[in-house]
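See below for data_7.txt, which holds compact mmCIF, C-alpha atoms.
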# COMPACT_ATOMS: atom_id res chain seq x y z
CA MET Q 117 69.54 127.08 141.24
CA SER Q 118 67.13 128.25 138.51
CA PRO Q 119 65.25 125.55 136.60
CA VAL Q 120 66.33 124.49 133.15
CA SER Q 121 64.23 126.39 130.60
CA ALA Q 122 64.72 124.00 127.68
CA PRO Q 123 66.04 120.46 127.24
CA GLY Q 124 69.49 120.08 125.77
CA HIS Q 125 70.18 117.90 122.77
CA ASP Q 126 73.30 116.09 121.65
CA VAL Q 127 75.25 117.69 118.83
CA SER Q 128 78.29 116.96 116.71
CA VAL Q 129 80.38 120.13 116.48
CA ALA Q 130 81.97 120.60 113.07
CA PRO Q 131 84.47 120.32 111.51
CA LEU Q 132 85.81 117.45 113.66
CA GLY Q 133 82.51 116.10 114.91
CA LEU Q 134 83.28 116.85 118.57
CA ALA Q 135 80.61 115.54 120.93
CA GLY Q 136 78.56 118.13 122.76
CA GLU Q 137 75.24 119.31 124.08
CA LEU Q 138 73.35 122.41 122.96
CA CYS Q 139 70.50 123.95 124.93
CA VAL Q 140 68.52 126.88 123.53
CA PRO Q 141 65.79 128.25 125.82
CA PRO Q 142 62.91 130.23 124.34
CA GLN Q 143 63.91 133.74 123.29
CA ALA Q 144 67.56 133.16 124.21
CA ARG Q 145 69.35 136.41 124.99
CA ALA Q 146 72.92 135.22 124.25
CA LEU Q 147 74.99 132.08 123.79
CA VAL Q 148 77.59 130.89 126.30
CA VAL Q 149 80.13 128.36 125.00
CA PHE Q 150 81.90 126.28 127.67
CA ALA Q 151 85.54 125.18 127.60
CA HIS Q 152 86.31 122.50 130.20
CA GLY Q 153 89.62 121.91 131.92
CA SER Q 154 92.13 119.14 131.23
CA GLY Q 155 90.95 115.66 132.12
CA SER Q 156 87.31 116.68 131.87
CA GLY Q 157 84.67 116.79 129.14
CA PHE Q 158 81.30 118.21 128.23
CA GLN Q 159 79.66 115.95 130.82
CA SER Q 160 81.52 117.77 133.62
CA PRO Q 161 78.97 118.06 136.46
CA ARG Q 162 80.41 121.41 137.55
CA ASN Q 163 80.03 123.07 134.16
CA ARG Q 164 76.63 121.46 133.68
CA GLN Q 165 75.46 122.94 136.97
CA VAL Q 166 76.52 126.42 135.85
CA ALA Q 167 74.88 125.82 132.46
CA GLU Q 168 71.60 124.87 134.12
CA TYR Q 169 71.59 128.15 136.01
CA LEU Q 170 72.29 130.08 132.82
CA HIS Q 171 69.40 128.30 131.07
CA GLY Q 172 67.08 129.65 133.73
CA GLU Q 173 68.47 133.12 133.06
CA GLY Q 174 67.66 132.85 129.36
CA PHE Q 175 71.07 131.94 127.96
CA ALA Q 176 71.68 129.31 125.32
CA THR Q 177 74.63 127.07 126.19
CA LEU Q 178 76.99 124.85 124.25
CA LEU Q 179 79.08 122.30 126.12
CA PHE Q 180 81.39 120.17 123.99
CA ASP Q 181 84.52 118.05 124.13
CA LEU Q 182 87.63 119.98 123.16
CA LEU Q 183 89.42 116.78 122.16
CA LEU Q 184 88.53 113.67 120.20
CA PRO Q 185 88.34 110.43 122.21
CA GLU Q 186 91.71 109.26 120.91
CA GLU Q 187 93.30 112.58 121.95
CA SER Q 188 91.88 112.79 125.44
CA GLY Q 189 94.84 111.16 127.18
CA ASP Q 190 97.55 113.07 125.32
CA PRO Q 191 99.02 115.72 127.67
CA ARG Q 192 100.59 117.54 124.72
CA LYS Q 193 97.09 118.29 123.48
CA MET Q 194 95.37 118.61 126.83
CA PHE Q 195 97.69 121.46 127.80
CA ASP Q 196 98.06 123.17 124.41
CA PRO Q 197 96.11 126.47 124.68
CA MET Q 198 96.45 127.22 120.96
CA LEU Q 199 95.07 123.83 119.92
CA LEU Q 200 92.23 124.13 122.42
CA SER Q 201 91.54 127.64 121.17
CA ASP Q 202 91.33 126.31 117.60
CA ARG Q 203 88.64 123.88 118.77
CA LEU Q 204 86.81 126.56 120.75
CA LEU Q 205 86.86 129.00 117.85
CA GLY Q 206 85.58 126.23 115.60
CA ALA Q 207 82.68 125.66 118.01
CA VAL Q 208 81.82 129.37 118.01
CA ASP Q 209 81.85 129.38 114.21
CA TRP Q 210 79.72 126.21 114.10
CA ALA Q 211 77.16 127.68 116.51
CA ALA Q 212 76.79 130.70 114.25
CA THR Q 213 75.43 128.36 111.56
CA VAL Q 214 72.69 126.96 113.84
CA PRO Q 215 69.30 128.54 113.08
CA GLY Q 216 68.41 131.07 115.76
CA LEU Q 217 71.93 131.35 117.17
CA GLY Q 218 73.82 133.27 114.51
CA ALA Q 219 72.62 136.69 115.66
CA LEU Q 220 73.21 136.12 119.37
CA PRO Q 221 76.15 137.67 121.23
CA VAL Q 222 78.63 135.06 122.45
CA GLY Q 223 80.28 134.64 125.83
CA LEU Q 224 82.87 132.06 126.85
CA PHE Q 225 82.95 130.22 130.17
CA GLY Q 226 86.29 128.51 130.72
CA ALA Q 227 87.51 126.33 133.57
CA SER Q 228 91.19 125.74 134.40
CA THR Q 229 93.07 125.17 131.13
CA GLY Q 230 89.82 125.78 129.26
CA ALA Q 231 89.91 129.33 130.58
CA ALA Q 232 93.35 129.77 128.99
CA ALA Q 233 91.86 128.59 125.70
CA ALA Q 234 88.99 131.06 126.08
CA LEU Q 235 91.42 133.93 126.61
CA VAL Q 236 93.42 133.00 123.51
CA THR Q 237 90.19 132.77 121.53
CA ALA Q 238 89.08 136.24 122.61
CA ALA Q 239 92.50 137.63 121.66
CA ARG Q 240 92.27 136.02 118.22
CA ALA Q 241 88.62 136.81 117.50
CA PRO Q 242 87.47 139.86 119.49
CA ASP Q 243 84.67 140.44 116.98
CA ARG Q 244 83.09 137.07 117.84
CA VAL Q 245 83.47 137.03 121.63
CA GLY Q 246 81.69 139.53 123.87
CA ALA Q 247 82.65 138.46 127.40
CA ILE Q 248 84.54 135.79 129.34
CA VAL Q 249 84.11 134.15 132.72
CA ALA Q 250 86.99 131.99 133.98
CA ARG Q 251 86.45 129.54 136.86
CA GLY Q 252 89.70 128.55 138.54
CA GLY Q 253 91.41 129.67 135.33
CA ARG Q 254 95.04 129.57 134.33
CA PRO Q 255 95.79 132.91 132.66
CA ASP Q 256 99.45 132.35 133.52
CA LEU Q 257 99.59 129.78 130.69
CA VAL Q 258 98.88 132.49 128.10
CA LEU Q 259 100.48 135.63 129.53
CA ALA Q 260 101.77 136.68 126.11
CA VAL Q 261 98.26 137.17 124.71
CA LEU Q 262 96.54 138.85 127.67
CA ALA Q 263 97.27 142.35 126.37
CA LEU Q 264 95.14 141.42 123.35
CA VAL Q 265 92.19 140.32 125.50
CA ARG Q 266 90.00 143.41 125.38
CA VAL Q 267 86.59 141.88 126.11
CA PRO Q 268 85.24 142.11 129.68
CA THR Q 269 86.71 139.22 131.66
CA LEU Q 270 85.70 137.93 135.09
CA LEU Q 271 88.17 135.73 136.97
CA LEU Q 272 86.50 133.58 139.64
CA VAL Q 273 88.90 131.81 142.00
CA GLY Q 274 88.39 129.86 145.21
CA GLY Q 275 89.73 131.55 148.33
CA ALA Q 276 91.36 128.29 149.43
CA ASP Q 277 92.99 127.74 146.03
CA ALA Q 278 96.05 129.72 147.06
CA GLU Q 279 98.36 128.96 144.14
CA VAL Q 280 95.82 129.65 141.39
CA LEU Q 281 94.59 132.74 143.22
CA GLU Q 282 98.11 134.17 143.24
CA LEU Q 283 98.58 133.33 139.54
CA ASN Q 284 95.35 135.17 138.72
CA ARG Q 285 96.35 138.18 140.80
CA ARG Q 286 99.67 138.45 138.99
CA ALA Q 287 97.94 138.20 135.61
CA LEU Q 288 95.50 141.07 136.26
CA ILE Q 289 97.84 143.82 135.10
CA ARG Q 290 98.46 142.05 131.79
CA PHE Q 291 94.91 142.33 130.44
CA GLY Q 292 94.24 144.81 127.67
CA GLY Q 293 90.57 145.30 128.56
CA PRO Q 294 88.19 145.35 131.53
CA VAL Q 295 88.97 142.59 134.02
CA ALA Q 296 87.77 141.76 137.51
CA LEU Q 297 88.93 139.16 140.03
CA GLU Q 298 86.34 137.81 142.47
CA VAL Q 299 87.13 135.30 145.20
CA ILE Q 300 84.70 132.62 146.33
CA PRO Q 301 85.45 132.35 150.08
CA GLY Q 302 86.57 128.95 151.31
CA ALA Q 303 86.41 127.26 147.90
CA HIS Q 304 89.17 125.02 146.55
CA HIS Q 305 90.05 124.46 142.90
CA LEU Q 306 87.07 122.20 142.08
CA PHE Q 307 84.53 124.37 143.97
CA GLU Q 308 83.09 121.27 145.64
CA GLU Q 309 82.21 123.07 148.86
CA PRO Q 310 78.47 123.54 149.58
CA GLY Q 311 77.17 126.60 147.76
CA ALA Q 312 80.45 127.38 145.98
CA LEU Q 313 79.23 126.55 142.48
CA ASP Q 314 75.98 128.39 143.16
CA GLN Q 315 78.05 131.51 143.74
CA VAL Q 316 80.03 130.86 140.56
CA ALA Q 317 76.82 130.47 138.56
CA ARG Q 318 75.20 133.62 139.95
CA ARG Q 319 78.29 135.74 139.37
CA ALA Q 320 78.77 134.35 135.88
CA GLY Q 321 75.14 135.04 135.05
CA GLY Q 322 75.44 138.60 136.30
CA TRP Q 323 78.61 139.19 134.26
CA PHE Q 324 77.08 137.86 131.07
CA ARG Q 325 73.87 139.85 131.61
CA GLN Q 326 75.88 143.02 132.10
CA HIS Q 327 78.19 142.60 129.12
CA LEU Q 328 76.19 140.61 126.57
CA CYS Q 329 72.59 141.70 127.06
CA SER Q 330 70.40 144.79 126.76
CA GLY Q 331 73.03 146.93 125.15
CA GLY Q 332 75.35 146.45 128.12
CA GLN Q 333 78.21 144.99 126.12
CA THR Q 334 81.41 146.94 126.46
CA PRO Q 335 82.76 148.17 123.10

Mind turning the file's structure into structure tokens?
Amino acid sequence: MSPVSAPGHDVSVAPLGLAGELCVPPQARALVVFAHGSGSGFQSPRNRQVAEYLHGEGFATLLFDLLLPEESGDPRKMFDPMLLSDRLLGAVDWAATVPGLGALPVGLFGASTGAAAALVTAARAPDRVGAIVARGGRPDLVLAVLALVRVPTLLLVGGADAEVLELNRRALIRFGGPVALEVIPGAHHLFEEPGALDQVARRAGGWFRQHLCSGGQTP
């Protein structure tokens, strides 16, 4: 994994004051906002590992809690893609007010149900989202909006995560824009196998470089 280029610092994401961590390396090329899956939070070691790799590649990252502490055990909110999208869109808007970040292109990295929220957000605000990477995502939860997702989207699924892999394959034809499905051989849903998250990080970094940086963003 690449070294972290800049230390992160704790933030309170408006308007709800959601807890998070923002890291902005020198001369950041783009911002990647993370959306974790249900039952997780911004301290998720898997997302933090991917974020560390992206730091080394020159990306600013924002990890934050999608729910308030008193909401975290409520399944109605944990599995509500529209509510989670509201929070994610709020975080994107908040980041635009941070000095040095407002002019950066924005990518979304979503895991599990967080990936569904990222897809809804891109459908609602295509002018504010430039690319998406979904790790073990659940596009089947938001099939009705996929035709409106026109930003380049990379679906990363573990080869041993048979159910989610099939759900992602079925969703491919629903997307309204460029989409690719890549399989991490032998990985299960949490990508805990040795080297699995390294592959996720490298492929995510490559996707964001291609579509957010150096004029490579797809119109």

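Between CA of Leu205 (chain Q) and CA of His304 (chain Q) the interatomic distance comes to 29.1 Å.
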
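Shell of Ser228 (chain Q) at 8 Å, with all atoms listed in the file counted and residues fewer than 6 places along the chain excluded, is His152, Gly153, Ser154, Ala250, Arg251, Gly252, Gly253 and Arg254 of chain Q.
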
Q:Ala227, Q:Pro221, Q:Gly274, Q:Asp202: which is nearest Arg240 (chain Q), counting all atoms listed in the file? Q:Asp202

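Of the residues under consideration (Q:Arg244, Q:Arg203, Q:Arg325, Q:Arg266), Q:Arg203 shows the shortest atom-to-atom contact distance to Pro131 (chain Q) when counting all atoms listed in the file.
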
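We find CA of Leu147 (chain Q) and CA of Ala135 (chain Q) to be spaced 17.7 Å apart.
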
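Considering the residues Q:Val249, Q:Ala167, Q:Leu328, Q:Leu262 and counting only C-alpha atoms, Leu297 (chain Q) has its shortest atom-to-atom contact with Q:Val249.
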
Please provide as an MDAnalysis selection string all residues within 10 Å of Ile300 (chain Q), with the sequence filter that same-chain residues fewer than 4 positions apart are discarded (counting only C-alpha atoms). chainID Q and resid 272:277 304 307 311:313 315:316 319

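Restricting the calculation to all atoms listed in the file, the smallest distance between Leu199 (chain Q) and any of Q:Thr229, Q:Arg290, Q:Glu309, Q:Gly321 is found for Q:Thr229.
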
Using all atoms listed in the file, determine which residues lie at most 9 Å from Leu288 (chain Q), disregarding the query and same-chain residues fewer than 3 positions distant; provide the list as a ChimeraX atom specification. /Q:255,262,283-285,291,295-297

For region 163-166 of chain Q, find every residue with an atom within 12 Å (counting only C-alpha atoms), except residues of its own chain fewer than 2 positions away, and show them as a VMD selection string. chain Q and resid 117 to 120 124 136 to 139 148 to 153 156 to 161 168 to 173 175 to 180 224 to 228 230 249 to 252 306 to 308 311 to 321

Limited to C-alpha atoms, could you put the picked residues into a file as a PDB file, in the frame of the given file?
ATOM      1  CA  MET Q 117      69.540 127.080 141.240  1.00  0.00           C
ATOM      2  CA  SER Q 118      67.130 128.250 138.510  1.00  0.00           C
ATOM      3  CA  PRO Q 119      65.250 125.550 136.600  1.00  0.00           C
ATOM      4  CA  VAL Q 120      66.330 124.490 133.150  1.00  0.00           C
ATOM      5  CA  GLY Q 124      69.490 120.080 125.770  1.00  0.00           C
ATOM      6  CA  GLY Q 136      78.560 118.130 122.760  1.00  0.00           C
ATOM      7  CA  GLU Q 137      75.240 119.310 124.080  1.00  0.00           C
ATOM      8  CA  LEU Q 138      73.350 122.410 122.960  1.00  0.00           C
ATOM      9  CA  CYS Q 139      70.500 123.950 124.930  1.00  0.00           C
ATOM     10  CA  VAL Q 148      77.590 130.890 126.300  1.00  0.00           C
ATOM     11  CA  VAL Q 149      80.130 128.360 125.000  1.00  0.00           C
ATOM     12  CA  PHE Q 150      81.900 126.280 127.670  1.00  0.00           C
ATOM     13  CA  ALA Q 151      85.540 125.180 127.600  1.00  0.00           C
ATOM     14  CA  HIS Q 152      86.310 122.500 130.200  1.00  0.00           C
ATOM     15  CA  GLY Q 153      89.620 121.910 131.920  1.00  0.00           C
ATOM     16  CA  SER Q 156      87.310 116.680 131.870  1.00  0.00           C
ATOM     17  CA  GLY Q 157      84.670 116.790 129.140  1.00  0.00           C
ATOM     18  CA  PHE Q 158      81.300 118.210 128.230  1.00  0.00           C
ATOM     19  CA  GLN Q 159      79.660 115.950 130.820  1.00  0.00           C
ATOM     20  CA  SER Q 160      81.520 117.770 133.620  1.00  0.00           C
ATOM     21  CA  PRO Q 161      78.970 118.060 136.460  1.00  0.00           C
ATOM     22  CA  GLU Q 168      71.600 124.870 134.120  1.00  0.00           C
ATOM     23  CA  TYR Q 169      71.590 128.150 136.010  1.00  0.00           C
ATOM     24  CA  LEU Q 170      72.290 130.080 132.820  1.00  0.00           C
ATOM     25  CA  HIS Q 171      69.400 128.300 131.070  1.00  0.00           C
ATOM     26  CA  GLY Q 172      67.080 129.650 133.730  1.00  0.00           C
ATOM     27  CA  GLU Q 173      68.470 133.120 133.060  1.00  0.00           C
ATOM     28  CA  PHE Q 175      71.070 131.940 127.960  1.00  0.00           C
ATOM     29  CA  ALA Q 176      71.680 129.310 125.320  1.00  0.00           C
ATOM     30  CA  THR Q 177      74.630 127.070 126.190  1.00  0.00           C
ATOM     31  CA  LEU Q 178      76.990 124.850 124.250  1.00  0.00           C
ATOM     32  CA  LEU Q 179      79.080 122.300 126.120  1.00  0.00           C
ATOM     33  CA  PHE Q 180      81.390 120.170 123.990  1.00  0.00           C
ATOM     34  CA  LEU Q 224      82.870 132.060 126.850  1.00  0.00           C
ATOM     35  CA  PHE Q 225      82.950 130.220 130.170  1.00  0.00           C
ATOM     36  CA  GLY Q 226      86.290 128.510 130.720  1.00  0.00           C
ATOM     37  CA  ALA Q 227      87.510 126.330 133.570  1.00  0.00           C
ATOM     38  CA  SER Q 228      91.190 125.740 134.400  1.00  0.00           C
ATOM     39  CA  GLY Q 230      89.820 125.780 129.260  1.00  0.00           C
ATOM     40  CA  VAL Q 249      84.110 134.150 132.720  1.00  0.00           C
ATOM     41  CA  ALA Q 250      86.990 131.990 133.980  1.00  0.00           C
ATOM     42  CA  ARG Q 251      86.450 129.540 136.860  1.00  0.00           C
ATOM     43  CA  GLY Q 252      89.700 128.550 138.540  1.00  0.00           C
ATOM     44  CA  LEU Q 306      87.070 122.200 142.080  1.00  0.00           C
ATOM     45  CA  PHE Q 307      84.530 124.370 143.970  1.00  0.00           C
ATOM     46  CA  GLU Q 308      83.090 121.270 145.640  1.00  0.00           C
ATOM     47  CA  GLY Q 311      77.170 126.600 147.760  1.00  0.00           C
ATOM     48  CA  ALA Q 312      80.450 127.380 145.980  1.00  0.00           C
ATOM     49  CA  LEU Q 313      79.230 126.550 142.480  1.00  0.00           C
ATOM     50  CA  ASP Q 314      75.980 128.390 143.160  1.00  0.00           C
ATOM     51  CA  GLN Q 315      78.050 131.510 143.740  1.00  0.00           C
ATOM     52  CA  VAL Q 316      80.030 130.860 140.560  1.00  0.00           C
ATOM     53  CA  ALA Q 317      76.820 130.470 138.560  1.00  0.00           C
ATOM     54  CA  ARG Q 318      75.200 133.620 139.950  1.00  0.00           C
ATOM     55  CA  ARG Q 319      78.290 135.740 139.370  1.00  0.00           C
ATOM     56  CA  ALA Q 320      78.770 134.350 135.880  1.00  0.00           C
ATOM     57  CA  GLY Q 321      75.140 135.040 135.050  1.00  0.00           C
TER      58      GLY Q 321
END

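Each of Q:Leu271, Q:Val258, Q:Asp181, Q:Arg286 was compared to Met198 (chain Q) using all atoms listed in the file, and Q:Val258 turns out to be the nearest.
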
Spatial neighbours of Val265 (chain Q), 7 Å, only C-alpha atoms, chain gap at least 2 places, as an mmCIF file with C-alpha atoms, keeping the file's coordinate frame:
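Below is the file out_14.cif, written as the result:
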data_model
loop_
_atom_site.group_PDB
_atom_site.id
_atom_site.type_symbol
_atom_site.label_atom_id
_atom_site.label_comp_id
_atom_site.auth_asym_id
_atom_site.auth_seq_id
_atom_site.Cartn_x
_atom_site.Cartn_y
_atom_site.Cartn_z
ATOM 1 C CA LEU Q 235 91.420 133.930 126.610
ATOM 2 C CA ALA Q 238 89.080 136.240 122.610
ATOM 3 C CA ALA Q 239 92.500 137.630 121.660
ATOM 4 C CA VAL Q 261 98.260 137.170 124.710
ATOM 5 C CA LEU Q 262 96.540 138.850 127.670
ATOM 6 C CA ALA Q 263 97.270 142.350 126.370
ATOM 7 C CA VAL Q 267 86.590 141.880 126.110
ATOM 8 C CA PHE Q 291 94.910 142.330 130.440
ATOM 9 C CA GLY Q 292 94.240 144.810 127.670
ATOM 10 C CA GLY Q 293 90.570 145.300 128.560
#

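For the pair CA of Ala144 (chain Q) and CA of Leu182 (chain Q), the separation is 24.0 Å.
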
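Nearest residue to Ala234 (chain Q) among Q:Leu270, Q:Ala219, Q:Ala211, Q:Pro197 is Q:Pro197, counting all atoms listed in the file.
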
Would you compute the box with edges along x, y and z of the file around region 220-224 of chain Q, including every atom the file lists for it and 6 Å extra on each side, and give its centre and edge lengths in Å to one decimal, as lines of an AutoDock Vina configuration file?
center_x = 78.0
center_y = 134.9
center_z = 123.1
size_x = 21.7
size_y = 17.6
size_z = 19.5

Any chance you could export region 195-220 of chain Q with N, CA and C atoms, as a PDB file, in the first residue's frame?
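Saved the output as out.pdb:
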ATOM      1  N   PHE Q 195     -31.086   1.004   6.085  1.00  0.00           N
ATOM      2  CA  PHE Q 195     -31.337   0.425   4.764  1.00  0.00           C
ATOM      3  C   PHE Q 195     -32.231   1.321   3.909  1.00  0.00           C
ATOM      4  N   ASP Q 196     -32.193   2.623   4.166  1.00  0.00           N
ATOM      5  CA  ASP Q 196     -32.982   3.583   3.394  1.00  0.00           C
ATOM      6  C   ASP Q 196     -32.053   4.329   2.441  1.00  0.00           C
ATOM      7  N   PRO Q 197     -31.947   3.901   1.171  1.00  0.00           N
ATOM      8  CA  PRO Q 197     -30.990   4.521   0.247  1.00  0.00           C
ATOM      9  C   PRO Q 197     -31.231   6.008   0.049  1.00  0.00           C
ATOM     10  N   MET Q 198     -32.490   6.447   0.065  1.00  0.00           N
ATOM     11  CA  MET Q 198     -32.765   7.866  -0.147  1.00  0.00           C
ATOM     12  C   MET Q 198     -32.285   8.699   1.033  1.00  0.00           C
ATOM     13  N   LEU Q 199     -32.527   8.229   2.252  1.00  0.00           N
ATOM     14  CA  LEU Q 199     -32.026   8.937   3.429  1.00  0.00           C
ATOM     15  C   LEU Q 199     -30.503   8.989   3.414  1.00  0.00           C
ATOM     16  N   LEU Q 200     -29.876   7.855   3.134  1.00  0.00           N
ATOM     17  CA  LEU Q 200     -28.415   7.814   3.101  1.00  0.00           C
ATOM     18  C   LEU Q 200     -27.873   8.708   1.993  1.00  0.00           C
ATOM     19  N   SER Q 201     -28.580   8.773   0.882  1.00  0.00           N
ATOM     20  CA  SER Q 201     -28.174   9.667  -0.198  1.00  0.00           C
ATOM     21  C   SER Q 201     -28.281  11.128   0.235  1.00  0.00           C
ATOM     22  N   ASP Q 202     -29.324  11.465   0.983  1.00  0.00           N
ATOM     23  CA  ASP Q 202     -29.446  12.829   1.503  1.00  0.00           C
ATOM     24  C   ASP Q 202     -28.199  13.192   2.318  1.00  0.00           C
ATOM     25  N   ARG Q 203     -27.751  12.266   3.162  1.00  0.00           N
ATOM     26  CA  ARG Q 203     -26.589  12.521   4.000  1.00  0.00           C
ATOM     27  C   ARG Q 203     -25.315  12.632   3.145  1.00  0.00           C
ATOM     28  N   LEU Q 204     -25.220  11.765   2.146  1.00  0.00           N
ATOM     29  CA  LEU Q 204     -24.043  11.773   1.282  1.00  0.00           C
ATOM     30  C   LEU Q 204     -23.984  13.057   0.455  1.00  0.00           C
ATOM     31  N   LEU Q 205     -25.123  13.463  -0.071  1.00  0.00           N
ATOM     32  CA  LEU Q 205     -25.174  14.704  -0.839  1.00  0.00           C
ATOM     33  C   LEU Q 205     -24.853  15.901   0.057  1.00  0.00           C
ATOM     34  N   GLY Q 206     -25.330  15.853   1.294  1.00  0.00           N
ATOM     35  CA  GLY Q 206     -24.988  16.906   2.237  1.00  0.00           C
ATOM     36  C   GLY Q 206     -23.492  16.978   2.490  1.00  0.00           C
ATOM     37  N   ALA Q 207     -22.837  15.819   2.561  1.00  0.00           N
ATOM     38  CA  ALA Q 207     -21.388  15.789   2.779  1.00  0.00           C
ATOM     39  C   ALA Q 207     -20.641  16.356   1.576  1.00  0.00           C
ATOM     40  N   VAL Q 208     -21.113  16.039   0.377  1.00  0.00           N
ATOM     41  CA  VAL Q 208     -20.491  16.591  -0.836  1.00  0.00           C
ATOM     42  C   VAL Q 208     -20.631  18.109  -0.838  1.00  0.00           C
ATOM     43  N   ASP Q 209     -21.815  18.597  -0.502  1.00  0.00           N
ATOM     44  CA  ASP Q 209     -22.035  20.044  -0.453  1.00  0.00           C
ATOM     45  C   ASP Q 209     -21.167  20.696   0.617  1.00  0.00           C
ATOM     46  N   TRP Q 210     -21.060  20.045   1.787  1.00  0.00           N
ATOM     47  CA  TRP Q 210     -20.227  20.586   2.866  1.00  0.00           C
ATOM     48  C   TRP Q 210     -18.775  20.663   2.428  1.00  0.00           C
ATOM     49  N   ALA Q 211     -18.272  19.604   1.784  1.00  0.00           N
ATOM     50  CA  ALA Q 211     -16.870  19.578   1.361  1.00  0.00           C
ATOM     51  C   ALA Q 211     -16.568  20.713   0.393  1.00  0.00           C
ATOM     52  N   ALA Q 212     -17.558  21.087  -0.410  1.00  0.00           N
ATOM     53  CA  ALA Q 212     -17.353  22.167  -1.375  1.00  0.00           C
ATOM     54  C   ALA Q 212     -17.111  23.504  -0.688  1.00  0.00           C
ATOM     55  N   THR Q 213     -17.463  23.612   0.591  1.00  0.00           N
ATOM     56  CA  THR Q 213     -17.248  24.857   1.330  1.00  0.00           C
ATOM     57  C   THR Q 213     -15.894  24.885   2.035  1.00  0.00           C
ATOM     58  N   VAL Q 214     -15.172  23.757   2.037  1.00  0.00           N
ATOM     59  CA  VAL Q 214     -13.870  23.686   2.697  1.00  0.00           C
ATOM     60  C   VAL Q 214     -12.819  24.317   1.794  1.00  0.00           C
ATOM     61  N   PRO Q 215     -12.053  25.281   2.302  1.00  0.00           N
ATOM     62  CA  PRO Q 215     -11.023  25.916   1.476  1.00  0.00           C
ATOM     63  C   PRO Q 215     -10.106  24.890   0.814  1.00  0.00           C
ATOM     64  N   GLY Q 216      -9.926  25.039  -0.492  1.00  0.00           N
ATOM     65  CA  GLY Q 216      -9.060  24.139  -1.246  1.00  0.00           C
ATOM     66  C   GLY Q 216      -9.759  22.938  -1.841  1.00  0.00           C
ATOM     67  N   LEU Q 217     -10.995  22.677  -1.419  1.00  0.00           N
ATOM     68  CA  LEU Q 217     -11.709  21.501  -1.945  1.00  0.00           C
ATOM     69  C   LEU Q 217     -12.787  21.852  -2.957  1.00  0.00           C
ATOM     70  N   GLY Q 218     -13.284  23.074  -2.912  1.00  0.00           N
ATOM     71  CA  GLY Q 218     -14.448  23.420  -3.715  1.00  0.00           C
ATOM     72  C   GLY Q 218     -14.265  23.228  -5.201  1.00  0.00           C
ATOM     73  N   ALA Q 219     -13.030  23.391  -5.699  1.00  0.00           N
ATOM     74  CA  ALA Q 219     -12.789  23.283  -7.137  1.00  0.00           C
ATOM     75  C   ALA Q 219     -12.425  21.869  -7.584  1.00  0.00           C
ATOM     76  N   LEU Q 220     -12.290  20.944  -6.642  1.00  0.00           N
ATOM     77  CA  LEU Q 220     -11.856  19.592  -6.998  1.00  0.00           C
ATOM     78  C   LEU Q 220     -13.013  18.758  -7.545  1.00  0.00           C
TER      79      LEU Q 220
END
